[in-house]
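Engineer: Okay, here's the structure, questions in a sec.
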Amino acid sequence: MLSIRDFFSSLRHSLYNTLGGRLLASILLCSSLITLFTTGIQLYIEYRKDVQNTESIVQHTCKSHLNAVAENLWGVNLRKIERTLKQIIQSPDIRYLEVRDKDNVLIRVGESLSEDVFVQTFPLIFEDKLVKEHIGFLSVSTSYTRIRQRLLSQVFVILSTQAIKTFFVSLFILIIFRYMVTRHLV
């Protein structure tokens, strides 16, 4: 009876000492390196796309509320400003908002983050028929944590599907090689 130790020993011998085994190992190694490289590129492209989408959504959301915030800041209606900021912060990637005049922070909404943050600042300009004046700033902090979490979940899916594909392609190459080349050598 063949023990487990003998089985693995004969498997190792057939993999390292036969042309097919060496070919399979070489194909798997090269394919794995290519898979890691292309997966890295794919994840980088996805990350850049998600960051651009997030920044675009933040800009669109904030710019659509800038006039209301500026008008309420001009009229010193802090309750309405706070209500507007609470609407803006409903966006899933926006974590923190602050309205400040030229010197002081007037209103803060959300949780101030120190890491993994992109901050955009929009000027608040009050405009009517007689006046156009820069009266403050709206700062928006965006978290990239969701983007990174989504990419991490994709890493496993991409690598596992690529590994399965690589294994089967290597196996089929070995079978084709055996059928077309090595069977004629015996």
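FYI, nothing fancy with the structure tokens labels: chains A, B, ... in order, residues from 1 per chain, ligands from 1 as they appear.
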Apply DSSP to the backbone of this structure and, from segment 31-174 of chain A, keep only the residues in helix (DSSP H, G or I); write these as JSON, numbers by chain.

Structural biologist: {"A": [31, 32, 33, 34, 35, 36, 37, 38, 39, 40, 41, 42, 43, 44, 45, 46, 47, 48, 49, 50, 51, 52, 53, 54, 55, 56, 57, 58, 59, 60, 61, 62, 63, 64, 65, 66, 67, 68, 69, 70, 71, 72, 73, 74, 78, 79, 80, 81, 82, 83, 84, 85, 86, 87, 88, 145, 146, 147, 148, 149, 150, 151, 152, 153, 154, 155, 156, 157, 158, 159, 160, 161, 162, 163, 164, 165, 166, 167, 168, 169, 170, 171, 172, 173, 174]}

Engineer: Sort by chain and increasing residue number a table of all residues of segment 103-169 of chain A within 10 Å of segment 53-61 of chain A, each with its closest pair of atoms and their distance in Å to one decimal, counting only C-alpha atoms, and write it as CSV.

Structural biologist:
residue,atom,partner,partner_atom,distance
A:Phe118,CA,A:Glu55,CA,8.7
A:Val119,CA,A:Glu55,CA,9.7
A:Gln120,CA,A:Gln59,CA,8.3
A:Thr121,CA,A:Gln59,CA,9.7
A:Phe122,CA,A:Gln59,CA,8.8
A:Val140,CA,A:Val58,CA,8.0
A:Ser141,CA,A:Val58,CA,9.3
A:Thr142,CA,A:Val58,CA,7.9
A:Ser143,CA,A:Thr54,CA,9.2
A:Tyr144,CA,A:Thr54,CA,8.5
A:Ile147,CA,A:Thr54,CA,8.9

Engineer: What gap, in Å, lies between atom CA of Leu29 of chain A and atom CA of Val157 of chain A?

Structural biologist: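 Atom CA of Leu29 of chain A sits 19.9 Å away from atom CA of Val157 of chain A.
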
Engineer: For Tyr44 of chain A, which residue among A:Arg178, A:Lys132, A:Arg22, A:Arg148 is the nearest when counting only C-alpha atoms?

Structural biologist: A:Arg148

Engineer: Would you kindly return, as a list in words, each protein, DNA or RNA residue with an atom no farther than 7 Å from any atom of Phe126 of chain A, considering only C-alpha atoms and excluding same-chain residues fewer than 5 positions away?

Structural biologist: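 Residues near the query, excluding close chain neighbours: Ala70, Glu71, Trp74, Lys132, Glu133, His134 and Ile135 of chain A.
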
Engineer: Using only C-alpha atoms, find the one residue out of A:Ile125, A:Ala68, A:Ile176, A:Leu28 that sits nearest to Lys102 of chain A.

Structural biologist: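 The shortest atom-to-atom distance to Lys102 of chain A comes from A:Ile125.
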
Engineer: Let's see if you can do this: from backbone DSSP, list all strand (DSSP E or B) residues in segment 64-182 of chain A, as number ranges by chain.

Structural biologist: A: 94-100, 105-110, 117-127, 132-143

Engineer: Which residues are close to Leu43 of chain A, i.e. within 9 Å by only C-alpha atoms, leaving aside same-chain residues fewer than 6 positions away? Reply as a PDB file with C-alpha atoms, in the first residue's frame.

Structural biologist:
ATOM      1  CA  LEU A 151     -11.523  47.418  -3.639  1.00  0.00           C
ATOM      2  CA  GLN A 154     -12.756  42.936  -5.210  1.00  0.00           C
ATOM      3  CA  VAL A 155      -9.150  41.793  -4.689  1.00  0.00           C
TER       4      VAL A 155
END

Engineer: Using only C-alpha atoms, which protein or nucleic acid residues come within 7 Å of segment 96-101 of chain A? Drop anything in the same chain fewer than 6 positions from it, and give the result as a list in words.

Structural biologist: Leu85, Ile107, Arg108, Val109, Gly110, Glu111, Ser112, Ile135, Gly136, Phe137, Leu138, Ser139, Val140 and Ser141 of chain A

Engineer: Compile the contact shell of Phe172 of chain A as JSON, numbers by chain: residues with an atom at most 12 Å away, counting only C-alpha atoms, same-chain residues fewer than 5 positions apart removed.

Structural biologist: {"A": [20, 23, 24, 27, 28, 165, 166, 167, 177, 178, 179, 180]}

Engineer: Take the residues from that selection and write them out as a CSV table (one decimal), in the first residue's frame, keeping N, CA, C and O atoms.

Structural biologist:
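Output (part.csv):
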chain,number,residue,atom,x,y,z
A,20,GLY,N,6.8,17.6,-18.7
A,20,GLY,CA,5.5,18.1,-18.4
A,20,GLY,C,5.4,18.8,-17.1
A,20,GLY,O,4.7,19.9,-17.0
A,23,LEU,N,7.2,22.1,-17.4
A,23,LEU,CA,6.4,23.0,-18.2
A,23,LEU,C,5.2,23.5,-17.4
A,23,LEU,O,5.0,24.8,-17.5
A,24,LEU,N,4.6,22.7,-16.7
A,24,LEU,CA,3.4,23.1,-15.9
A,24,LEU,C,3.9,24.1,-14.8
A,24,LEU,O,3.2,25.2,-14.7
A,27,ILE,N,4.7,27.5,-16.6
A,27,ILE,CA,3.5,28.2,-17.0
A,27,ILE,C,2.7,28.8,-15.8
A,27,ILE,O,2.3,29.9,-15.9
A,28,LEU,N,2.6,28.0,-14.8
A,28,LEU,CA,1.9,28.5,-13.6
A,28,LEU,C,2.7,29.7,-13.0
A,28,LEU,O,2.0,30.7,-12.6
A,165,LYS,N,-8.6,30.5,-13.5
A,165,LYS,CA,-8.4,30.6,-15.0
A,165,LYS,C,-6.9,30.2,-15.3
A,165,LYS,O,-6.7,29.4,-16.2
A,166,THR,N,-6.0,30.6,-14.6
A,166,THR,CA,-4.6,30.3,-14.8
A,166,THR,C,-4.3,28.8,-14.7
A,166,THR,O,-3.7,28.2,-15.5
A,167,PHE,N,-4.9,28.2,-13.6
A,167,PHE,CA,-4.7,26.8,-13.4
A,167,PHE,C,-5.3,26.0,-14.6
A,167,PHE,O,-4.6,25.1,-15.2
A,177,PHE,N,0.1,19.9,-25.1
A,177,PHE,CA,1.6,19.7,-25.3
A,177,PHE,C,1.8,18.1,-25.3
A,177,PHE,O,2.5,17.6,-26.1
A,178,ARG,N,1.2,17.5,-24.3
A,178,ARG,CA,1.4,16.0,-24.2
A,178,ARG,C,0.8,15.3,-25.4
A,178,ARG,O,1.4,14.4,-26.0
A,179,TYR,N,-0.4,15.8,-25.9
A,179,TYR,CA,-1.0,15.1,-27.0
A,179,TYR,C,-0.2,15.4,-28.3
A,179,TYR,O,-0.1,14.5,-29.1
A,180,MET,N,0.3,16.6,-28.5
A,180,MET,CA,0.9,16.9,-29.8
A,180,MET,C,2.4,16.7,-29.8
A,180,MET,O,2.9,16.4,-30.9

Engineer: Just how far from atom CA of Ala163 of chain A is atom CA of Thr35 of chain A, in Å to one decimal?

Structural biologist: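 Between atom CA of Thr35 of chain A and atom CA of Ala163 of chain A the gap works out to 7.8 Å.
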